[in-house]
Every structure is written in structure tokens, then in C-alpha cells.
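The block underneath contains the structure these notes are about, expressed in C-alpha cells.
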Amino acid sequence: MINKRHSNSDYIFGIRAVIEAVKAGKDIDKVLIKKDLSGELVPELLSVIKEYDIVAQKVPVEKINRITRKNHQGVVAFLSPVTYAEIENVVPEIFESGRNPFIVVLDGLTDVRNFGAIARTCECAGVDAIIIPEKNSVSVNADSVKTSAGALLHIPVARVKSVRMAIRYLKNCGITVVGATEKGNSQYTGFDYTLPVALVMGAEDTGISTECLKECDSFAAIPLRGTIGSLNVSVAAGIMIYEVVRQRNAAFE
């Protein structure tokens with residue numbers, strides 16, 4: 001399943017237009033709402049945003065004015081440039097196609113440049129899918145697509161409500177889940193990545209969340225010889241991802 005471009009522009013504005021876009025099932029990245037917005041359509045707007053679990057931010061009107069000077073009525077919705085995949089569809093599709101599952105889970109990543117760099121590495125390495133959370137996380141937008149050199153248009157990205165539950169689902173499907181953390185007892189090369197595997201990479205500042213660490217099958221650490229205590233997450237992801245590639249290539253030699 002490959003992400004598809006939308007034919008729509010990057011954003012839409014106006015209360016009724018945003019309401020109808022949400023109801024029509026458009027993939028909306030987030031909605032900006034003017035602080036203290038009022039009017040008869042506002043309750044309906046807030047209701048559909050809550051019903052469809054869409055990220056919304058209340059901002060000063062000046063921020064919206066910088067996006068468009070047209071009659072936005074205090075509301076702008078940003079459209080995702082891709083259609084997000086459903087994890088329940090992606091995983092069975094991988095198995096049914098005869099591929100050996102290789103998935104990357106990003107738990108709370110927030111820097112769009114790191115996201116783009118990881119996505120580019122994933123696409124080059126043949127990763128089957130990327131999983132990100134719906135909230136407090138990066139998303140697929142114009143900036144991340146550009147930073148990924150377009151890779152995000154060619155690899156399925158599943159946006160889930162709970163990374164913890166997504167990890168449980170992967171494990172139930174027979175996929176081994178390895179968390180990348182400096183707290184790991186084993187070096188990252190000490191695992192058998194020829195099996196179906198999912199790598200979990202954590203947030204730039206805090207790493208993998210405690211609740212997700214509890215769900216991982218194993219913990220892998222990349223050895224550090226300098227004085228700085230950790231690698232940039234996109235660099236760490238690249239090292240881990242290509243260890244999987246190395247092992248799988250060696251298995252077929």
C-alpha cells in the first residue's frame with residue numbers, strides 16, 4: 001500500500017469548508033482555530049473535530065493571517081499530502097505478499113528533519129512501513145515530504161492512536177519488537193534481524209516512552225565511545241536499519 005498524493009491544495013479555510021472536509025474523510029494534519037472564536041457554526045466545528053479525533057490548536061488570529069488573508073473566518077485546516085495507511089491492513093498485506101516484515105516505529109518523534117531523514121533511510125533500505133502516533137508527534141506534511149526527498153510518498157505511514165497498542169498488535173502478528181535505547185543490555189548487532197522485526201526509535205529528548213519500553217521484546221544499544229551520551233535519532237535509526245539490511249543480505253549469500 002503506497003501513500004497517494006492529494007489533488008487538493010495544502011490547506012483549506014472557512015468554518016463550513018473545514019467541517020465538510022472533515023466529514024468527507026479528508027486526511028487532515030491539523031486545524032488552527034482562532035482564540036475565542038465564536039459563532040453559530042463553532043460548536044459543530046468543535047464537535048466534528050473531536051468526533052474524528054483531529055489535532056486542533058487555538059492560535060492568535062495573526063498566525064492564521066500569515067497563512068492566508070482571505071476570508072478564513074478564524075479557521076484553517078492543513079491537508080496531509082498522503083493518505084495514511086491502516087496498520088491492520090499493512091501488516092497482513094506484507095505477510096500475504098511473501099515479504100519478511102520490517103517495520104520502523106517512531107515513538108514521539110517531533111523534529112520534522114529527523115522524520116524526513118529516517119523516512120528516506122527507510123525507503124532506501126526497503127522498510128515495509130513506518131508507524132507514528134496521532135498526537136505529540138511529527139506528521140506527514142509538506143515539510144517532512146521535502147526533507148525526506150519524496151520518500152514519504154513511497155512508503156506506507158500508519159498514524160495510530162496508541163503506539164503501545166500498535167506494538168502489541170505487531171507482537172501478536174509474530175513480529176519481534178526491538179527498542180533502540182542506550183539502556184539496552186545488548187549491542188544492536190547481537191540480535192537476529194532475519195526474523196520479522198520492528199525497530200522502535202524514541203523521541204529526540206526523552207527516548208522511548210516507559211509504556212512502550214515495557215512492550216518491547218528486547219533492547220538494543222549502539223556503543224558510544226565519546227563524551228556525548230547519545231546519537232541523533234536519525235543517525236541511530238540509520239545504523240539500526242542497515243544492520244537489519246546487512247543481516248538479511250548475508251542470509252541470502
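Chain identifiers are assigned as A, B, and so on, following the order in which chains appear in the C-alpha cells; residues are numbered from 1 within each chain, and ligands are numbered from 1 in order of appearance.
Shell of A:Asp27 at 9 Å, with only C-alpha atoms counted and residues fewer than 5 places along the chain excluded, is His6, Ala21, Val22, Phe78, Leu79, Ser80, Pro81, Val82, Thr83 and Tyr84 of chain A.
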Q.
Report as a ChimeraX atom specification all protein, DNA and RNA residues lying within 12 Å of A:Ile167, evaluated on only C-alpha atoms, omitting residues in the same chain fewer than 6 positions from it.
A. /A:87-88,91,103-107,131-133,160-161,173-179,197-200,211-217
**Q.** Nearest-residue call for A:Val76, choices A:Ile12, A:Ile54, A:Val127, A:Val90, using only C-alpha atoms
**A.** A:Ile12
Q: Give the alpha helix (DSSP H) residues of stretch 89-218 of chain A, as assigned by DSSP on the backbone, as JSON, numbers by chain.
A: {"A": [89, 90, 91, 92, 93, 94, 95, 96, 112, 113, 114, 115, 116, 117, 118, 119, 120, 121, 122, 123, 124, 125, 142, 143, 144, 145, 146, 147, 163, 164, 165, 166, 167, 168, 169, 170, 171, 172, 210, 211, 212, 213]}
Q: Excluding A:Pro92 and residues on its chain fewer than 3 positions from it, collect all residues at most 12 Å away from it, counting only C-alpha atoms, and give them as a ChimeraX atom specification.
A: /A:1,86-89,95-101,128-129,169-170,172-175
Q. Quick one: residues within 9 Å of stretch 56-65 of chain A, only C-alpha atoms counted, chain neighbours fewer than 5 positions away excluded, as number ranges by chain?
A. A: 30-37, 46, 49-50, 70, 72, 74-77
Selection above as a file: N, CA and C atoms, as an mmCIF file, in the first residue's frame:
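Contents of result.cif, freshly written:
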data_model
loop_
_atom_site.group_PDB
_atom_site.id
_atom_site.type_symbol
_atom_site.label_atom_id
_atom_site.label_comp_id
_atom_site.auth_asym_id
_atom_site.auth_seq_id
_atom_site.Cartn_x
_atom_site.Cartn_y
_atom_site.Cartn_z
ATOM 1 N N LYS A 30 -3.799 18.937 10.760
ATOM 2 C CA LYS A 30 -4.213 19.665 11.955
ATOM 3 C C LYS A 30 -5.089 20.843 11.556
ATOM 4 N N VAL A 31 -5.807 21.378 12.534
ATOM 5 C CA VAL A 31 -6.667 22.538 12.315
ATOM 6 C C VAL A 31 -6.236 23.658 13.252
ATOM 7 N N LEU A 32 -6.066 24.845 12.704
ATOM 8 C CA LEU A 32 -5.786 26.022 13.511
ATOM 9 C C LEU A 32 -7.074 26.806 13.696
ATOM 10 N N ILE A 33 -7.372 27.135 14.946
ATOM 11 C CA ILE A 33 -8.609 27.855 15.279
ATOM 12 C C ILE A 33 -8.254 29.124 16.038
ATOM 13 N N LYS A 34 -8.813 30.230 15.620
ATOM 14 C CA LYS A 34 -8.556 31.495 16.293
ATOM 15 C C LYS A 34 -9.032 31.444 17.745
ATOM 16 N N LYS A 35 -8.200 31.953 18.632
ATOM 17 C CA LYS A 35 -8.587 32.008 20.034
ATOM 18 C C LYS A 35 -9.889 32.794 20.191
ATOM 19 N N ASP A 36 -10.742 32.304 21.090
ATOM 20 C CA ASP A 36 -12.017 32.965 21.393
ATOM 21 C C ASP A 36 -12.931 33.040 20.176
ATOM 22 N N LEU A 37 -12.806 32.090 19.259
ATOM 23 C CA LEU A 37 -13.686 32.057 18.095
ATOM 24 C C LEU A 37 -15.112 31.775 18.532
ATOM 25 N N LEU A 46 -16.216 22.231 16.442
ATOM 26 C CA LEU A 46 -15.506 21.584 17.548
ATOM 27 C C LEU A 46 -15.980 20.150 17.748
ATOM 28 N N ILE A 49 -14.454 17.896 14.962
ATOM 29 C CA ILE A 49 -13.021 17.740 15.213
ATOM 30 C C ILE A 49 -12.790 16.701 16.314
ATOM 31 N N LYS A 50 -13.604 16.781 17.359
ATOM 32 C CA LYS A 50 -13.492 15.809 18.451
ATOM 33 C C LYS A 50 -13.921 14.424 17.998
ATOM 34 N N LYS A 70 -7.333 35.653 2.995
ATOM 35 C CA LYS A 70 -8.700 35.507 2.518
ATOM 36 C C LYS A 70 -9.647 35.347 3.705
ATOM 37 N N HIS A 72 -10.943 33.648 6.067
ATOM 38 C CA HIS A 72 -10.761 32.339 6.708
ATOM 39 C C HIS A 72 -11.711 32.102 7.868
ATOM 40 N N GLY A 74 -11.376 32.591 10.813
ATOM 41 C CA GLY A 74 -10.684 32.136 12.020
ATOM 42 C C GLY A 74 -10.350 30.663 12.045
ATOM 43 N N VAL A 75 -10.426 29.982 10.887
ATOM 44 C CA VAL A 75 -10.166 28.539 10.847
ATOM 45 C C VAL A 75 -9.386 28.171 9.582
ATOM 46 N N VAL A 76 -8.303 27.420 9.772
ATOM 47 C CA VAL A 76 -7.538 26.879 8.651
ATOM 48 C C VAL A 76 -7.216 25.420 8.958
ATOM 49 N N ALA A 77 -7.427 24.557 7.977
ATOM 50 C CA ALA A 77 -7.102 23.133 8.122
ATOM 51 C C ALA A 77 -6.026 22.769 7.117
#
